[in-house]
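Below is start36.cif, which holds mmCIF, C-alpha atoms.
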```cif
data_input
loop_
_atom_site.label_atom_id
_atom_site.label_comp_id
_atom_site.auth_asym_id
_atom_site.auth_seq_id
_atom_site.Cartn_x
_atom_site.Cartn_y
_atom_site.Cartn_z
CA MET A 1 0.00 0.00 0.00
CA GLN A 2 1.42 3.37 -1.02
CA SER A 3 1.49 6.32 1.35
CA VAL A 4 -0.58 9.31 0.33
CA GLU A 5 2.63 11.33 -0.10
CA ASN A 6 3.97 8.77 -2.60
CA LEU A 7 0.62 8.84 -4.37
CA VAL A 8 0.90 12.62 -4.76
CA THR A 9 4.27 12.09 -6.43
CA GLN A 10 2.76 9.47 -8.76
CA ILE A 11 -0.04 11.87 -9.69
CA GLN A 12 2.45 14.62 -10.49
CA GLY A 13 4.48 12.28 -12.71
CA LEU A 14 1.66 10.43 -14.48
CA SER A 15 -0.69 13.19 -15.64
CA SER A 16 0.87 14.23 -18.95
CA SER A 17 -0.14 11.63 -21.57
CA ALA A 18 -3.18 9.40 -22.10
CA SER A 19 -1.16 6.22 -21.43
CA ASP A 20 0.26 7.66 -18.20
CA ILE A 21 -3.19 8.72 -17.03
CA SER A 22 -4.48 5.20 -17.70
CA VAL A 23 -1.74 3.77 -15.47
CA LEU A 24 -2.49 6.43 -12.84
CA HIS A 25 -6.18 5.57 -12.92
CA ASN A 26 -5.40 1.95 -12.01
CA LEU A 27 -3.19 3.09 -9.14
CA LEU A 28 -5.85 5.44 -7.82
CA LYS A 29 -8.57 2.77 -7.99
CA ALA A 30 -6.34 0.41 -6.00
CA ALA A 31 -5.71 3.14 -3.41
CA ASP A 32 -9.34 4.27 -3.13
CA ASP A 33 -10.06 2.58 0.21
CA SER A 34 -6.84 3.83 1.81
CA LEU A 35 -7.61 7.37 0.64
CA ARG A 36 -10.97 7.21 2.40
CA SER A 37 -9.35 6.07 5.62
CA GLU A 38 -6.85 8.94 5.36
CA SER A 39 -9.46 11.56 4.47
CA ALA A 40 -8.48 13.88 7.37
CA ARG A 41 -4.96 14.29 5.90
CA LEU A 42 -5.89 14.86 2.25
CA LEU A 43 -7.07 18.48 2.12
CA PRO A 44 -3.62 20.08 2.78
CA LEU A 45 -2.05 17.77 0.16
CA LEU A 46 -4.29 19.26 -2.53
CA ASP A 47 -2.07 22.35 -2.48
CA GLN A 48 0.64 20.21 -4.14
CA LEU A 49 -1.65 19.38 -7.08
CA GLU A 50 -2.87 21.58 -9.91
CA PRO A 51 -6.56 20.98 -10.87
CA SER A 52 -5.93 21.86 -14.53
CA LYS A 53 -3.03 19.34 -14.86
CA HIS A 54 -3.76 16.66 -12.27
CA SER A 55 -7.56 16.57 -12.57
CA LEU A 56 -8.00 12.82 -12.06
CA GLY A 57 -5.70 12.63 -9.03
CA TYR A 58 -7.14 15.82 -7.57
CA LEU A 59 -10.63 14.30 -7.87
CA TYR A 60 -9.61 11.10 -6.05
CA PHE A 61 -8.11 13.17 -3.22
CA LEU A 62 -10.97 15.68 -3.09
CA GLU A 63 -13.87 13.22 -2.90
CA PRO A 64 -12.98 11.71 0.54
CA CYS A 65 -12.67 15.25 1.94
CA THR A 66 -16.40 15.75 1.36
CA TYR A 67 -17.52 12.67 3.34
CA GLY A 68 -19.09 12.78 6.77
CA SER A 69 -20.93 15.60 8.47
CA ILE A 70 -19.78 19.02 7.30
CA THR A 71 -19.82 22.07 9.57
CA LYS A 72 -20.20 25.62 8.28
CA GLU A 73 -16.52 26.25 8.98
CA ARG A 74 -15.51 23.17 7.00
CA ALA A 75 -17.89 24.14 4.17
CA SER A 76 -16.34 27.62 4.04
CA THR A 77 -12.99 25.96 3.27
CA LEU A 78 -14.27 23.29 0.87
CA VAL A 79 -16.61 25.43 -1.26
CA PRO A 80 -13.91 27.62 -2.89
CA THR A 81 -11.65 24.57 -3.29
CA ILE A 82 -14.32 22.55 -5.09
CA ALA A 83 -15.43 25.56 -7.17
CA ARG A 84 -11.85 26.09 -8.32
CA PHE A 85 -11.52 22.40 -9.20
CA ILE A 86 -14.76 22.34 -11.21
CA THR A 87 -13.73 25.44 -13.14
CA SER A 88 -10.18 24.28 -13.88
CA CYS A 89 -10.42 20.49 -14.30
CA VAL A 90 -9.92 18.74 -17.65
CA ALA A 91 -13.08 17.06 -18.96
CA GLU A 92 -11.18 14.13 -20.52
CA GLN A 93 -9.72 13.15 -17.13
CA ILE A 94 -12.89 13.44 -15.05
CA HIS A 95 -14.75 11.31 -17.61
CA LEU A 96 -12.64 8.42 -16.33
CA ALA A 97 -14.36 8.72 -12.92
CA PRO A 98 -17.75 10.34 -13.62
CA GLU A 99 -19.47 8.97 -10.51
CA LYS A 100 -16.84 10.52 -8.25
CA PHE A 101 -17.17 13.86 -10.04
CA ILE A 102 -20.96 13.79 -9.67
CA THR A 103 -20.61 12.92 -5.97
CA VAL A 104 -18.25 15.85 -5.38
CA CYS A 105 -20.61 18.23 -7.21
CA LYS A 106 -23.62 17.06 -5.21
CA ARG A 107 -21.71 17.54 -1.95
CA PHE A 108 -20.70 20.99 -3.22
CA LYS A 109 -24.38 21.85 -3.67
CA GLU A 110 -25.17 20.68 -0.14
CA GLN A 111 -22.37 22.85 1.25
CA VAL A 112 -23.42 26.09 -0.50
CA MET A 113 -26.94 25.44 0.81
CA LEU A 114 -25.51 24.91 4.31
CA LEU A 115 -23.81 28.30 3.95
CA GLU A 116 -27.17 29.73 2.78
CA ALA A 117 -25.47 31.02 -0.36
CA PRO A 118 -26.96 29.05 -3.27
CA ILE A 119 -25.84 31.69 -5.76
CA ARG A 120 -22.22 30.63 -5.12
CA GLY A 121 -23.00 27.23 -6.61
CA VAL A 122 -24.85 28.30 -9.75
CA GLY A 123 -21.84 29.12 -11.97
CA PRO A 124 -19.64 26.15 -10.98
CA MET A 125 -22.55 23.70 -11.29
CA LEU A 126 -23.33 24.92 -14.83
CA THR A 127 -19.68 24.43 -15.73
CA ALA A 128 -19.79 20.93 -14.20
CA ILE A 129 -22.78 19.99 -16.39
CA HIS A 130 -20.98 21.10 -19.55
CA LYS A 131 -17.87 19.12 -18.58
CA ILE A 132 -19.64 15.87 -17.65
CA GLN A 133 -22.18 15.91 -20.52
CA ALA A 134 -21.49 13.63 -23.47
CA SER A 135 -23.71 15.95 -25.54
CA THR A 136 -26.38 18.61 -24.98
CA GLU A 137 -29.00 15.88 -25.56
CA HIS A 138 -27.83 14.01 -22.44
CA LEU A 139 -29.55 14.59 -19.08
CA THR A 140 -26.99 14.27 -16.28
CA ALA A 141 -27.51 13.73 -12.55
CA LEU A 142 -26.31 17.33 -12.06
CA HIS A 143 -29.12 18.98 -14.07
CA PRO A 144 -31.67 18.82 -11.20
CA GLU A 145 -29.06 19.99 -8.68
CA PHE A 146 -28.22 23.00 -10.86
CA LEU A 147 -31.88 23.93 -11.43
CA GLN A 148 -32.60 23.70 -7.69
CA LEU A 149 -29.76 26.12 -7.00
CA CYS A 150 -31.11 28.48 -9.68
CA LEU A 151 -34.53 28.40 -7.99
CA LEU A 152 -33.13 29.06 -4.52
CA ALA A 153 -30.90 31.87 -5.82
CA LYS A 154 -33.71 33.19 -8.07
CA CYS A 155 -31.33 33.00 -11.06
CA TYR A 156 -34.13 31.96 -13.40
CA LYS A 157 -32.49 33.21 -16.60
CA THR A 158 -29.34 31.19 -15.88
CA GLY A 159 -31.50 28.09 -15.49
CA LEU A 160 -32.99 28.67 -18.93
CA SER A 161 -29.57 28.02 -20.49
CA VAL A 162 -29.96 24.24 -19.96
CA LEU A 163 -33.75 24.11 -20.27
CA GLU A 164 -33.55 25.28 -23.89
CA ASP A 165 -31.64 22.10 -24.87
CA ASP A 166 -33.67 19.18 -26.27
CA ILE A 167 -33.12 16.14 -24.03
CA TYR A 168 -33.23 12.64 -25.54
CA GLU A 169 -30.95 10.58 -23.27
CA VAL A 170 -31.92 9.92 -19.64
CA ASN A 171 -30.05 7.61 -17.26
CA GLN A 172 -32.19 7.76 -14.11
CA PRO A 173 -35.97 8.38 -14.02
CA ARG A 174 -35.66 10.45 -10.81
CA ASP A 175 -33.30 12.87 -12.56
CA PHE A 176 -35.89 13.33 -15.31
CA PHE A 177 -38.74 13.91 -12.84
CA LEU A 178 -36.76 16.53 -10.91
CA TYR A 179 -35.39 18.19 -14.06
CA CYS A 180 -38.90 18.72 -15.43
CA TYR A 181 -40.33 19.75 -12.04
CA TYR A 182 -37.65 22.32 -11.25
CA GLY A 183 -37.63 23.44 -14.88
CA GLY A 184 -41.38 24.01 -14.74
CA MET A 185 -40.92 26.13 -11.61
CA ILE A 186 -38.24 28.24 -13.33
CA PHE A 187 -40.55 28.89 -16.29
CA ILE A 188 -43.31 29.83 -13.82
CA GLY A 189 -40.89 32.32 -12.27
CA GLN A 190 -40.34 33.78 -15.75
CA LYS A 191 -44.13 33.86 -16.44
CA ARG A 192 -43.58 31.51 -19.39
CA PHE A 193 -46.58 29.41 -18.50
CA GLN A 194 -46.85 27.40 -21.73
CA LYS A 195 -43.31 26.06 -21.34
CA ALA A 196 -43.99 25.41 -17.64
CA LEU A 197 -47.07 23.37 -18.58
CA GLU A 198 -45.05 21.27 -21.04
CA LEU A 199 -42.46 20.30 -18.42
CA LEU A 200 -45.01 19.66 -15.65
CA HIS A 201 -47.04 17.58 -18.12
CA ASN A 202 -43.93 15.46 -18.73
CA VAL A 203 -43.70 14.68 -15.00
CA VAL A 204 -47.38 13.78 -14.67
CA THR A 205 -47.50 11.55 -17.76
CA ALA A 206 -44.05 9.91 -17.45
CA PRO A 207 -43.95 6.11 -16.98
CA MET A 208 -44.08 5.13 -13.30
CA SER A 209 -44.91 1.85 -11.55
CA THR A 210 -45.99 3.61 -8.34
CA ILE A 211 -47.03 7.17 -7.62
CA ASN A 212 -44.26 9.44 -6.33
CA ALA A 213 -44.14 12.74 -4.42
CA ILE A 214 -42.59 14.63 -7.34
CA ALA A 215 -45.49 13.72 -9.65
CA CYS A 216 -48.03 14.77 -7.00
CA GLU A 217 -46.40 18.18 -6.50
CA ALA A 218 -46.08 18.63 -10.26
CA TYR A 219 -49.78 17.82 -10.74
CA LYS A 220 -50.78 20.48 -8.19
CA LYS A 221 -48.78 23.11 -10.05
CA TYR A 222 -50.03 21.77 -13.39
CA ILE A 223 -53.62 22.42 -12.30
CA LEU A 224 -52.84 25.97 -11.13
CA VAL A 225 -50.81 26.93 -14.21
CA SER A 226 -53.52 25.49 -16.51
CA LEU A 227 -56.06 27.78 -14.84
CA ILE A 228 -53.75 30.80 -15.08
CA HIS A 229 -52.73 30.23 -18.70
CA HIS A 230 -55.78 28.58 -20.28
CA GLY A 231 -58.55 29.55 -17.87
CA GLN A 232 -59.65 25.92 -17.60
CA PHE A 233 -58.51 22.49 -16.48
CA SER A 234 -59.53 18.94 -17.36
CA THR A 235 -58.95 15.97 -15.05
CA ASN A 236 -58.73 13.65 -18.08
CA LEU A 237 -55.12 12.58 -18.57
CA PRO A 238 -53.76 11.28 -21.92
CA LYS A 239 -54.04 7.54 -22.63
CA TYR A 240 -50.27 7.09 -22.43
CA THR A 241 -50.26 8.21 -18.75
CA SER A 242 -49.32 5.38 -16.39
CA SER A 243 -52.15 3.56 -14.62
CA ALA A 244 -50.57 4.49 -11.25
CA ALA A 245 -50.94 8.19 -12.08
CA GLN A 246 -54.42 7.74 -13.55
CA ARG A 247 -55.65 6.05 -10.38
CA ASN A 248 -53.95 8.03 -7.63
CA LEU A 249 -53.07 11.60 -8.62
CA LYS A 250 -56.59 12.97 -8.14
CA ASN A 251 -56.80 11.51 -4.64
CA PHE A 252 -53.61 13.30 -3.53
CA CYS A 253 -54.61 16.63 -5.12
CA GLN A 254 -58.31 16.90 -4.23
CA PRO A 255 -58.19 20.51 -2.88
CA TYR A 256 -56.70 21.66 -6.19
CA ILE A 257 -59.31 19.85 -8.27
CA GLU A 258 -62.04 21.46 -6.15
CA LEU A 259 -60.32 24.82 -6.71
CA ALA A 260 -60.56 24.22 -10.48
CA ASN A 261 -64.25 23.34 -10.13
CA SER A 262 -64.82 26.57 -8.20
CA TYR A 263 -62.91 28.49 -10.88
CA ASN A 264 -65.13 27.09 -13.61
CA THR A 265 -68.20 28.75 -12.06
CA GLY A 266 -66.75 32.15 -13.03
CA LYS A 267 -67.72 33.61 -9.63
CA VAL A 268 -64.81 35.47 -8.06
CA THR A 269 -66.36 35.70 -4.57
CA GLU A 270 -66.97 31.96 -4.48
CA LEU A 271 -63.38 31.27 -5.54
CA GLU A 272 -61.96 33.70 -2.96
CA THR A 273 -64.04 32.07 -0.21
CA TYR A 274 -62.74 28.61 -1.17
CA VAL A 275 -59.13 29.84 -1.20
CA GLN A 276 -59.54 31.47 2.21
CA THR A 277 -61.01 28.25 3.64
CA ASN A 278 -58.07 26.18 2.34
CA ARG A 279 -55.36 28.82 2.73
CA GLU A 280 -53.27 26.74 5.16
CA LYS A 281 -53.18 23.80 2.75
CA PHE A 282 -52.03 25.95 -0.19
CA GLU A 283 -49.50 27.73 2.02
CA SER A 284 -48.00 24.48 3.35
CA ASP A 285 -47.59 23.32 -0.27
CA ASN A 286 -45.80 26.61 -1.10
CA ASN A 287 -48.43 27.25 -3.77
CA LEU A 288 -50.25 30.23 -2.26
CA GLY A 289 -48.57 32.67 -4.66
CA LEU A 290 -49.77 30.66 -7.66
CA VAL A 291 -53.26 30.39 -6.16
CA LYS A 292 -53.41 34.19 -5.89
CA GLN A 293 -52.45 34.39 -9.57
CA VAL A 294 -55.34 32.01 -10.30
CA ILE A 295 -57.75 34.45 -8.64
CA SER A 296 -56.25 37.34 -10.60
CA SER A 297 -56.54 35.39 -13.87
CA MET A 298 -60.29 34.89 -13.32
CA TYR A 299 -60.83 38.63 -13.82
CA LYS A 300 -58.96 38.34 -17.13
CA ARG A 301 -60.99 35.33 -18.25
CA ASN A 302 -64.24 37.10 -17.46
CA ILE A 303 -63.10 40.14 -19.43
CA GLN A 304 -62.11 37.88 -22.34
CA ARG A 305 -65.60 36.37 -22.33
CA LEU A 306 -67.04 39.87 -22.75
CA THR A 307 -65.04 40.30 -25.99
CA GLN A 308 -66.99 37.38 -27.47
CA THR A 309 -70.32 39.11 -26.76
CA TYR A 310 -69.79 42.87 -27.05
CA LEU A 311 -68.13 45.22 -29.53
CA THR A 312 -68.13 48.18 -27.13
CA LEU A 313 -68.63 48.35 -23.39
CA SER A 314 -68.05 50.97 -20.72
CA LEU A 315 -65.35 50.52 -18.10
CA GLN A 316 -67.99 50.74 -15.37
CA ASP A 317 -70.01 47.92 -16.99
CA ILE A 318 -66.87 45.80 -17.19
CA ALA A 319 -66.16 46.47 -13.50
CA ASN A 320 -69.73 45.51 -12.54
CA THR A 321 -69.79 42.36 -14.69
CA VAL A 322 -66.46 40.92 -13.58
CA GLN A 323 -66.86 42.07 -9.95
CA LEU A 324 -64.09 44.67 -9.81
CA ASN A 325 -64.25 47.51 -7.30
CA SER A 326 -64.14 50.47 -9.72
CA SER A 327 -63.91 51.52 -13.35
CA LYS A 328 -60.29 52.57 -12.71
CA GLU A 329 -59.43 49.01 -11.65
CA ALA A 330 -61.19 47.71 -14.76
CA GLU A 331 -59.14 50.10 -16.89
CA MET A 332 -55.89 48.82 -15.36
CA HIS A 333 -56.86 45.21 -16.08
CA VAL A 334 -57.83 45.99 -19.69
CA LEU A 335 -54.62 47.96 -20.32
CA GLN A 336 -52.49 45.13 -18.93
CA MET A 337 -54.32 42.56 -21.08
CA ILE A 338 -53.82 44.72 -24.19
CA GLN A 339 -50.12 45.03 -23.37
CA ASP A 340 -49.80 41.25 -22.88
CA GLY A 341 -51.61 40.57 -26.18
CA GLU A 342 -54.46 38.75 -24.42
CA ILE A 343 -57.14 40.98 -25.96
CA TYR A 344 -57.23 43.55 -28.75
CA ALA A 345 -59.05 46.73 -27.78
CA THR A 346 -58.89 50.52 -27.57
CA ILE A 347 -60.01 52.69 -24.64
CA ASN A 348 -61.66 56.08 -25.19
CA GLN A 349 -60.53 58.07 -22.16
CA LYS A 350 -63.10 60.80 -22.83
CA ASP A 351 -66.25 58.72 -22.38
CA GLY A 352 -64.73 55.65 -20.66
CA MET A 353 -65.74 53.24 -23.43
CA VAL A 354 -63.78 50.16 -24.51
CA ARG A 355 -63.94 49.01 -28.11
CA PHE A 356 -62.98 45.37 -28.71
CA LEU A 357 -61.10 44.59 -31.94
CA GLU A 358 -60.21 41.52 -34.02
CA ASP A 359 -56.73 39.95 -33.93
CA PRO A 360 -54.63 42.15 -36.28
CA GLU A 361 -52.16 39.35 -37.10
CA GLN A 362 -52.40 38.48 -40.83
CA TYR A 363 -49.72 35.74 -40.67
CA LYS A 364 -47.85 37.18 -43.66
CA THR A 365 -45.08 39.27 -42.09
CA CYS A 366 -41.41 38.27 -42.48
CA GLU A 367 -41.15 37.58 -38.74
CA MET A 368 -44.18 35.26 -38.77
CA ILE A 369 -42.95 33.38 -41.85
CA GLU A 370 -39.54 32.89 -40.20
CA HIS A 371 -41.26 31.64 -37.03
CA ILE A 372 -43.38 29.14 -38.98
CA ASP A 373 -40.35 27.96 -40.99
CA SER A 374 -38.33 27.50 -37.78
CA SER A 375 -41.15 25.42 -36.26
CA ILE A 376 -41.35 23.24 -39.38
CA GLN A 377 -37.58 22.65 -39.33
CA ARG A 378 -37.71 21.70 -35.65
CA ILE A 379 -40.56 19.25 -36.23
CA MET A 380 -38.68 17.66 -39.15
CA ALA A 381 -35.56 17.25 -36.98
CA LEU A 382 -37.67 15.71 -34.20
CA SER A 383 -39.31 13.31 -36.67
CA LYS A 384 -35.89 12.20 -37.91
CA LYS A 385 -34.69 11.71 -34.33
CA LEU A 386 -37.76 9.61 -33.44
CA THR A 387 -37.23 7.43 -36.51
CA THR A 388 -33.62 6.80 -35.48
CA MET A 389 -34.64 5.98 -31.90
CA ASP A 390 -37.35 3.62 -33.17
CA GLU A 391 -34.81 1.79 -35.33
CA LEU A 392 -32.41 1.44 -32.39
CA LEU A 393 -35.19 0.18 -30.11
CA SER A 394 -36.38 -2.37 -32.66
CA CYS A 395 -32.87 -3.90 -32.63
CA ASP A 396 -32.40 -3.81 -28.86
CA PRO A 397 -31.98 -7.39 -27.47
CA LEU A 398 -33.79 -6.61 -24.22
CA TYR A 399 -36.76 -5.14 -26.06
CA LEU A 400 -36.89 -8.06 -28.53
CA ALA A 401 -36.74 -10.58 -25.68
CA LYS A 402 -39.60 -8.86 -23.85
CA ALA A 403 -41.63 -8.45 -27.05
CA GLY A 404 -41.08 -12.14 -27.81
CA ARG A 405 -42.43 -13.16 -24.40
CA GLU A 406 -45.48 -10.94 -24.83
CA ARG A 407 -46.10 -12.39 -28.30
CA GLN A 408 -46.13 -15.92 -26.88
CA ARG A 409 -48.88 -14.88 -24.50
CA PHE A 410 -50.93 -13.03 -27.10
CA ASP A 411 -50.10 -14.55 -30.50
CA PHE A 412 -52.66 -13.48 -33.08
CA ASP A 413 -51.73 -16.44 -35.27
CA ASP A 414 -53.58 -18.61 -32.74
CA PHE A 415 -56.87 -17.01 -33.82
CA ASP A 416 -58.78 -17.28 -37.07
CA PRO A 417 -58.38 -14.09 -39.11
CA VAL A 418 -61.95 -14.31 -40.48
CA PRO A 419 -65.02 -15.02 -38.31
CA GLN A 420 -66.64 -18.38 -39.13
CA LYS A 421 -70.33 -18.77 -39.87
CA PHE A 422 -72.42 -20.06 -37.04
CA ASN A 423 -76.02 -21.06 -36.54
CA ILE A 424 -78.39 -19.23 -34.25
#
```
Conversion result in structure tokens:
Amino acid sequence: MQSVENLVTQIQGLSSSASDISVLHNLLKAADDSLRSESARLLPLLDQLEPSKHSLGYLYFLEPCTYGSITKERASTLVPTIARFITSCVAEQIHLAPEKFITVCKRFKEQVMLLEAPIRGVGPMLTAIHKIQASTEHLTALHPEFLQLCLLAKCYKTGLSVLEDDIYEVNQPRDFFLYCYYGGMIFIGQKRFQKALELLHNVVTAPMSTINAIACEAYKKYILVSLIHHGQFSTNLPKYTSSAAQRNLKNFCQPYIELANSYNTGKVTELETYVQTNREKFESDNNLGLVKQVISSMYKRNIQRLTQTYLTLSLQDIANTVQLNSSKEAEMHVLQMIQDGEIYATINQKDGMVRFLEDPEQYKTCEMIEHIDSSIQRIMALSKKLTTMDELLSCDPLYLAKAGRERQRFDFDDFDPVPQKFNI
């Protein structure tokens, strides 16, 4: 067994070429247990290593330093050390020990949270994702950790940088659930409700053998965001949703389904009474802010319904119909909806009349044509990707073995293809 000092010397001498690093990797794997037992001595030895040159050895020495309970004082020392390593390390070397790198990064996240400084982890964690990713289509175990830090630090725009990538490769289902859940919350924070709905929908409809807490929390937010964005919600889930979700989600989210039923009546006072009655429940779920946005959106939906009936209407009539306190409050709502593109109208300040207009979009501007062309190109690329994935799946031995077993149970060749005549 080598001493840790000798191992430092080996790391310094065997980190230049690919063949040397391969030899070093074998030495480090053999010394892994002894490094863990000597974890208390390793942190000072890191000063003799350079993260940008000795990345693999540095990682093997750094990981044991993160084990055990960490105090705030210890975290204050480790956080800058790990951040420097993540920023400087060579991707090719850490790919030889990806599990260790992921472990170090997860411990790093725990430590910045212990220090109540999540913003300190956002930049290094984003760098870690880029270094450990095989491609932008690959979902790593660090994606959810990074998005959680973005949420806690309220760095929503930084979180968007990974959410805009199309993900096709997933290793662990839990990583996918958390990625979509946290991603949905980031889009909610940015008021991009359609994108939030897409990610929350992925959580709710993803394959699952048993119901899980992430899916339940996602379903609650899915209901609220559907009401805010679409003004309606249906409890009918798509056919491809797992039977576990179909059976159990509604039972765990009953107060939210009743909220949607109350919303559908169009009566603001009734909705406000229901929210007040169940305030503690919504607050304990950390959804009270979204619930308040649901109440606010009801005024908008009621105003939108008026556009389908009237061409002109006074601000006072709008206030009376949608149960607002004054014509001034009605004016503020209408102006905000015009600004957000939710309705098309003009307000005559002189007589307080609102004139509702048709959608002015003619779908023939250069910007609209470019948008449509971009959507078509994206759909074509997705279709090509799905075809490739289907071909790979159809050749997968595990899939073929399972499909073969199912075919033995339900072989259509055992049945006559044409019904035979029979006597009544």
From A:Asp33, A:Glu50, A:Asp396, A:Glu361, residue lying nearest A:Ser88 [all atoms listed in the file]: A:Glu50
Gap from atom CA of A:Thr81 to atom CA of A:Pro124 - Å, one decimal: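 It comes out at 11.2 Å.
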Explicit residue set for the PyMOL selection byres ((chain A and resi 180) around 7), as a PyMOL selection string: chain A and resi 176-179+181-184+199-200+202-203
Return as JSON the centre and edge lengths, in Å with one decimal, of the box along x, y and z that encloses every atom of stretch 245-248 of chain A in the file, padded by 5 Å per side.
```
{"center_x": -53.3, "center_y": 7.1, "center_z": -10.6, "size_x": 14.7, "size_y": 12.1, "size_z": 15.9}
```
For A:Val90: contacts at 10 Å, only C-alpha atoms, fewer than 4 positions along chain excluded, given as a PyMOL selection string: chain A and resi 51-56+85-86+94-95+131
Atom pair atom CA of A:Phe146 / atom CA of A:Ala75: separation (Å):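 Pair atom CA of A:Phe146 / atom CA of A:Ala75 returns 18.3 Å.
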Separation of atom CA of A:Phe233 from atom CA of A:Thr312 in Å: 29.4 Å
Hits from the PyMOL selection byres ((chain A and resi 150) around 12), listed as a PDB file with C-alpha atoms, in the coordinates of the input:
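Saved the output as expr_9.pdb:
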```pdb
ATOM      1  CA  LYS A 109     -24.380  21.850  -3.670  1.00  0.00           C
ATOM      2  CA  MET A 113     -26.940  25.440   0.810  1.00  0.00           C
ATOM      3  CA  ALA A 117     -25.470  31.020  -0.360  1.00  0.00           C
ATOM      4  CA  PRO A 118     -26.960  29.050  -3.270  1.00  0.00           C
ATOM      5  CA  ILE A 119     -25.840  31.690  -5.760  1.00  0.00           C
ATOM      6  CA  ARG A 120     -22.220  30.630  -5.120  1.00  0.00           C
ATOM      7  CA  GLY A 121     -23.000  27.230  -6.610  1.00  0.00           C
ATOM      8  CA  VAL A 122     -24.850  28.300  -9.750  1.00  0.00           C
ATOM      9  CA  GLY A 123     -21.840  29.120 -11.970  1.00  0.00           C
ATOM     10  CA  PRO A 124     -19.640  26.150 -10.980  1.00  0.00           C
ATOM     11  CA  MET A 125     -22.550  23.700 -11.290  1.00  0.00           C
ATOM     12  CA  LEU A 126     -23.330  24.920 -14.830  1.00  0.00           C
ATOM     13  CA  HIS A 143     -29.120  18.980 -14.070  1.00  0.00           C
ATOM     14  CA  PRO A 144     -31.670  18.820 -11.200  1.00  0.00           C
ATOM     15  CA  GLU A 145     -29.060  19.990  -8.680  1.00  0.00           C
ATOM     16  CA  PHE A 146     -28.220  23.000 -10.860  1.00  0.00           C
ATOM     17  CA  LEU A 147     -31.880  23.930 -11.430  1.00  0.00           C
ATOM     18  CA  GLN A 148     -32.600  23.700  -7.690  1.00  0.00           C
ATOM     19  CA  LEU A 149     -29.760  26.120  -7.000  1.00  0.00           C
ATOM     20  CA  LEU A 151     -34.530  28.400  -7.990  1.00  0.00           C
ATOM     21  CA  LEU A 152     -33.130  29.060  -4.520  1.00  0.00           C
ATOM     22  CA  ALA A 153     -30.900  31.870  -5.820  1.00  0.00           C
ATOM     23  CA  LYS A 154     -33.710  33.190  -8.070  1.00  0.00           C
ATOM     24  CA  CYS A 155     -31.330  33.000 -11.060  1.00  0.00           C
ATOM     25  CA  TYR A 156     -34.130  31.960 -13.400  1.00  0.00           C
ATOM     26  CA  LYS A 157     -32.490  33.210 -16.600  1.00  0.00           C
ATOM     27  CA  THR A 158     -29.340  31.190 -15.880  1.00  0.00           C
ATOM     28  CA  GLY A 159     -31.500  28.090 -15.490  1.00  0.00           C
ATOM     29  CA  LEU A 160     -32.990  28.670 -18.930  1.00  0.00           C
ATOM     30  CA  SER A 161     -29.570  28.020 -20.490  1.00  0.00           C
ATOM     31  CA  VAL A 162     -29.960  24.240 -19.960  1.00  0.00           C
ATOM     32  CA  LEU A 163     -33.750  24.110 -20.270  1.00  0.00           C
ATOM     33  CA  TYR A 179     -35.390  18.190 -14.060  1.00  0.00           C
ATOM     34  CA  TYR A 182     -37.650  22.320 -11.250  1.00  0.00           C
ATOM     35  CA  GLY A 183     -37.630  23.440 -14.880  1.00  0.00           C
ATOM     36  CA  MET A 185     -40.920  26.130 -11.610  1.00  0.00           C
ATOM     37  CA  ILE A 186     -38.240  28.240 -13.330  1.00  0.00           C
ATOM     38  CA  PHE A 187     -40.550  28.890 -16.290  1.00  0.00           C
ATOM     39  CA  GLY A 189     -40.890  32.320 -12.270  1.00  0.00           C
TER      40      GLY A 189
END
```
Within 9 Å of A:Val322 using only C-alpha atoms, minus same-chain residues under 5 positions, as a PyMOL selection string: chain A and resi 266-268+298-300+302-303+317+330
Hits of the PyMOL selection byres ((chain A and resi 295) around 9) in this structure, as a list in words: Ile228, Tyr263, Val268, Leu271, Glu272, Val275, Leu290, Val291, Lys292, Gln293, Val294, Ser296, Ser297, Met298 and Tyr299 of chain A
Tell me which protein, DNA and RNA residues are within 9 Å of A:Ser76, counting all atoms listed in the file, leaving out same-chain ones fewer than 5 positions away, and put them as a short mmCIF file (atom, residue, chain, number, x, y, z; two decimals) with C-alpha atoms, keeping the file's coordinate frame.
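Okay, this is what ended up in part_18.cif:
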```cif
data_model
loop_
_atom_site.label_atom_id
_atom_site.label_comp_id
_atom_site.auth_asym_id
_atom_site.auth_seq_id
_atom_site.Cartn_x
_atom_site.Cartn_y
_atom_site.Cartn_z
CA THR A 71 -19.82 22.07 9.57
CA GLN A 111 -22.37 22.85 1.25
CA VAL A 112 -23.42 26.09 -0.50
CA LEU A 115 -23.81 28.30 3.95
#
```
Is there a way to complete stretch 393-397 of chain A with N, CA and C atoms and then write that out as a compact mmCIF listing (two decimals), keeping the file's coordinate frame?
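Final file, out.txt:
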```txt
# COMPACT_ATOMS: atom_id res chain seq x y z
N LEU A 393 -34.38 0.97 -31.05
CA LEU A 393 -35.19 0.18 -30.11
C LEU A 393 -35.60 -1.15 -30.72
N SER A 394 -35.92 -1.14 -32.00
CA SER A 394 -36.38 -2.37 -32.66
C SER A 394 -35.26 -3.41 -32.77
N CYS A 395 -34.00 -2.98 -32.59
CA CYS A 395 -32.87 -3.90 -32.63
C CYS A 395 -32.32 -4.22 -31.24
N ASP A 396 -32.91 -3.63 -30.22
CA ASP A 396 -32.40 -3.81 -28.86
C ASP A 396 -32.73 -5.22 -28.35
N PRO A 397 -31.73 -6.00 -27.92
CA PRO A 397 -31.98 -7.39 -27.47
C PRO A 397 -32.97 -7.48 -26.32
```
